[in-house]
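Down below is the structure, laid out as C-alpha cells.
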Amino acid sequence: DAGVTQSPTHLIKTRGQQVTLRCSPISGHKSVSWYQQVLGQGPQFIFQYYEKEERGRGNFPDRFSARQFPNYSSELNVNALLLGDSALYLCASSLSGQGVGEQYFGPGTRLTVT
Amino acid sequence: RKEVEQDPGPFNVPEGATVAFNCTYSNSASQSFFWYRQDCRKEPKLLMSVYSSGNEDGRFTAQLNRASQYISLLIRDSKLSDSATYLCVTSGYSTLTFGKGTMLLVSP
C-alpha cells in the first residue's frame, strides 16, 4: 500500500512569491495535517483537515492557508514568502480527525526561499 | 516555557549500551503520548505509543508519569541503526505537539 505522498520534493522560491504544496493521504485515511519543520526543531503544527473541514490551526500567519479535496488530498498554500518560511513541510494522515491518534508522515517538501 | 521539552543531546553511546531519554510536557490536558524517530533529512516515523502502565516493544520501553508530566524512553542493547533523533510527542484534540528531539549516536 502506498504511504503518504507529497509533491514536489524540493522547491526554490524567491521572497514575495507564492507556493502550493500537495499531499495525498494513505488510502482510507480521512484526516490530513500539515507541519513545518525548521532545522534543529521539531515539527510545528500548521493545520488539520478532516472531511474537507478545518479542525485545527496552529500559530501561523494568515499567509498560510490550506484545503482538503473530496478525495481527501490536500494543498497547503503560502503567500508572500519570507526567508523564514524556508523549512521542511510535512504532511501527515490519520484515520480520523477526532482525538489525534497515530499519524503517518509523508517524506516532506523541502522549501528554500531566497 | 516550551510545551514539550527534551535534552537535545547528542547522546554518544557504544553499541550494546543502554540509554534513556526523558521529556516533560506542560499541557496537562494532553490526551495521548508518543515517541517518534526521525533519521537525518527524513520524515518522523512512529516508534511507539506511551501509556501510564508502561509498554515495551523489543528493546524499547516507554513510560508515562501523568502526575509529573514526564515521559521516558529506554533503549537496551543499542544498535548502530538506532542512531537518529528521537522526538517526544503529545497530542490534543487535533494536533501533535513535538519536542525538539534528542539526538542519539551509537558508535561501534
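Starting from 1 in every chain, residues are counted up; chains themselves are A, B, ... following the order of the C-alpha cells, and ligands are numbered from 1 as listed.
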Using only C-alpha atoms, which residues sit within 9 Å of Thr9 in chain A once same-chain residues fewer than 2 positions away are excluded, as a list of chain:residue names?
A:Gln6, A:Ser7, A:Leu11, A:Pro107, A:Gly108, A:Thr109, A:Arg110, A:Leu111
Using only C-alpha atoms, find each residue in chain B having at least one atom no more than 12 Å away from chain A; report its shortest atom-to-atom pair and that distance in Å (one decimal), rows by chain then rising number, as a tab-separated table.
residue	atom	partner	partner_atom	distance
B:Lys2	CA	A:Gly42	CA	11.6
B:Glu3	CA	A:Gln44	CA	11.4
B:Val4	CA	A:Gly42	CA	9.9
B:Glu5	CA	A:Gly42	CA	10.5
B:Gln6	CA	A:Gly42	CA	10.4
B:Pro8	CA	A:Gly40	CA	9.1
B:Gly9	CA	A:Gly40	CA	11.6
B:Ala29	CA	A:Gly99	CA	11.9
B:Ser30	CA	A:Gly99	CA	10.1
B:Gln31	CA	A:Gly99	CA	7.7
B:Ser32	CA	A:Gly101	CA	7.3
B:Phe33	CA	A:Gly101	CA	9.0
B:Phe34	CA	A:Glu102	CA	8.4
B:Trp35	CA	A:Glu102	CA	10.6
B:Tyr36	CA	A:Gln103	CA	10.1
B:Arg37	CA	A:Gly42	CA	11.1
B:Gln38	CA	A:Gly42	CA	9.7
B:Asp39	CA	A:Pro107	CA	11.3
B:Cys40	CA	A:Leu39	CA	10.6
B:Arg41	CA	A:Leu88	CA	8.8
B:Lys42	CA	A:Pro107	CA	6.3
B:Glu43	CA	A:Pro107	CA	5.2
B:Pro44	CA	A:Phe105	CA	6.5
B:Lys45	CA	A:Phe105	CA	6.9
B:Leu46	CA	A:Tyr104	CA	7.3
B:Leu47	CA	A:Glu102	CA	10.3
B:Met48	CA	A:Glu102	CA	9.3
B:Ser49	CA	A:Glu102	CA	8.3
B:Val50	CA	A:Glu102	CA	11.5
B:Thr85	CA	A:Gly42	CA	9.8
B:Tyr86	CA	A:Gly42	CA	9.9
B:Leu87	CA	A:Gly42	CA	7.2
B:Cys88	CA	A:Gly42	CA	9.1
B:Val89	CA	A:Gly42	CA	9.4
B:Thr90	CA	A:Val100	CA	9.6
B:Ser91	CA	A:Val100	CA	6.2
B:Gly92	CA	A:Gly99	CA	6.5
B:Tyr93	CA	A:Gly99	CA	4.5
B:Ser94	CA	A:Val100	CA	5.5
B:Thr95	CA	A:Val100	CA	6.3
B:Leu96	CA	A:Phe45	CA	6.9
B:Thr97	CA	A:Gln44	CA	7.0
B:Phe98	CA	A:Gly42	CA	5.4
B:Gly99	CA	A:Gly42	CA	5.5
B:Lys100	CA	A:Gly42	CA	4.3
B:Gly101	CA	A:Gly42	CA	6.3
B:Thr102	CA	A:Gly42	CA	10.0
B:Met103	CA	A:Gly40	CA	10.3
The distance between CA of Thr18 in chain B and CA of Ser81 in chain B is 14.1 Å
### Query
Which is closer to Ser73 in chain A than all the others in A:Ile12, A:Ala2, A:Val32, A:Leu95, using only C-alpha atoms?
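Among the listed residues, A:Val32 lies closest to Ser73 in chain A.
With only C-alpha atoms as the atoms that count, the minimum distance from Thr5 in chain A to the choices A:Gln68, A:Thr114, A:Gln17, A:Ser93 is reached by A:Ser93.
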I'd like to know which residues of range 11-102 of chain A are strand (DSSP E or B) (by DSSP, run on the backbone); could you write them as a PyMOL selection string?
chain A and resi 11-13+19-24+31-37+44-50+53-57+64-68+74-78+87-94
Can you write just those residues out, C-alpha atoms, as a PDB file, in the first residue's frame?
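Result file is again_34.pdb:
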ATOM      1  CA  LEU A  11      11.261  23.757  -4.255  1.00  0.00           C
ATOM      2  CA  ILE A  12      13.187  27.002  -4.527  1.00  0.00           C
ATOM      3  CA  LYS A  13      11.262  30.271  -4.463  1.00  0.00           C
ATOM      4  CA  VAL A  19       3.832  28.385  -3.268  1.00  0.00           C
ATOM      5  CA  THR A  20       1.424  25.435  -3.290  1.00  0.00           C
ATOM      6  CA  LEU A  21       2.365  22.108  -1.748  1.00  0.00           C
ATOM      7  CA  ARG A  22       0.378  18.936  -2.285  1.00  0.00           C
ATOM      8  CA  CYS A  23      -0.324  15.860  -0.214  1.00  0.00           C
ATOM      9  CA  SER A  24      -2.152  12.573  -0.748  1.00  0.00           C
ATOM     10  CA  SER A  31      -7.589  13.411   8.034  1.00  0.00           C
ATOM     11  CA  VAL A  32      -4.595  15.383   6.829  1.00  0.00           C
ATOM     12  CA  SER A  33      -2.367  17.589   8.958  1.00  0.00           C
ATOM     13  CA  TRP A  34       0.391  19.948   7.899  1.00  0.00           C
ATOM     14  CA  TYR A  35       3.570  20.680   9.855  1.00  0.00           C
ATOM     15  CA  GLN A  36       6.539  22.973   9.356  1.00  0.00           C
ATOM     16  CA  GLN A  37       9.965  21.790  10.499  1.00  0.00           C
ATOM     17  CA  GLN A  44       5.262  22.602  14.304  1.00  0.00           C
ATOM     18  CA  PHE A  45       1.566  22.150  13.648  1.00  0.00           C
ATOM     19  CA  ILE A  46       0.033  24.356  10.946  1.00  0.00           C
ATOM     20  CA  PHE A  47      -3.398  22.878  10.058  1.00  0.00           C
ATOM     21  CA  GLN A  48      -5.538  19.814  10.385  1.00  0.00           C
ATOM     22  CA  TYR A  49      -8.339  18.956   7.956  1.00  0.00           C
ATOM     23  CA  TYR A  50     -10.918  16.230   8.301  1.00  0.00           C
ATOM     24  CA  GLU A  53     -13.251  20.906   7.109  1.00  0.00           C
ATOM     25  CA  GLU A  54     -10.557  22.681   9.095  1.00  0.00           C
ATOM     26  CA  ARG A  55     -10.348  21.057  12.505  1.00  0.00           C
ATOM     27  CA  GLY A  56      -7.345  22.858  13.907  1.00  0.00           C
ATOM     28  CA  ARG A  57      -4.993  25.710  13.183  1.00  0.00           C
ATOM     29  CA  PHE A  64      -0.689  30.198   5.288  1.00  0.00           C
ATOM     30  CA  SER A  65      -3.856  28.529   4.063  1.00  0.00           C
ATOM     31  CA  ALA A  66      -4.930  25.025   3.171  1.00  0.00           C
ATOM     32  CA  ARG A  67      -7.791  22.998   1.857  1.00  0.00           C
ATOM     33  CA  GLN A  68      -8.838  19.385   1.542  1.00  0.00           C
ATOM     34  CA  SER A  74      -4.801  18.410   0.471  1.00  0.00           C
ATOM     35  CA  GLU A  75      -2.949  21.531  -0.559  1.00  0.00           C
ATOM     36  CA  LEU A  76      -1.011  23.980   1.578  1.00  0.00           C
ATOM     37  CA  ASN A  77      -0.597  27.489   0.194  1.00  0.00           C
ATOM     38  CA  VAL A  78       1.843  30.071   1.429  1.00  0.00           C
ATOM     39  CA  ALA A  87      11.717  24.653   6.025  1.00  0.00           C
ATOM     40  CA  LEU A  88      10.645  21.063   5.516  1.00  0.00           C
ATOM     41  CA  TYR A  89       6.860  20.945   5.146  1.00  0.00           C
ATOM     42  CA  LEU A  90       5.413  17.669   6.320  1.00  0.00           C
ATOM     43  CA  CYS A  91       2.008  16.227   5.670  1.00  0.00           C
ATOM     44  CA  ALA A  92       0.597  13.551   7.953  1.00  0.00           C
ATOM     45  CA  SER A  93      -2.502  11.452   7.589  1.00  0.00           C
ATOM     46  CA  SER A  94      -4.598   9.637  10.128  1.00  0.00           C
TER      47      SER A  94
END
* Do you know which residues are at most 9 Å from Tyr70 in chain B counting only C-alpha atoms, after dropping those on the same chain fewer than 3 positions away, and could you put them as a ChimeraX atom specification? -> /B:22-25,63-67
Between CA of Val4 in chain A and CA of Ser86 in chain A lies a distance of 21.6 Å
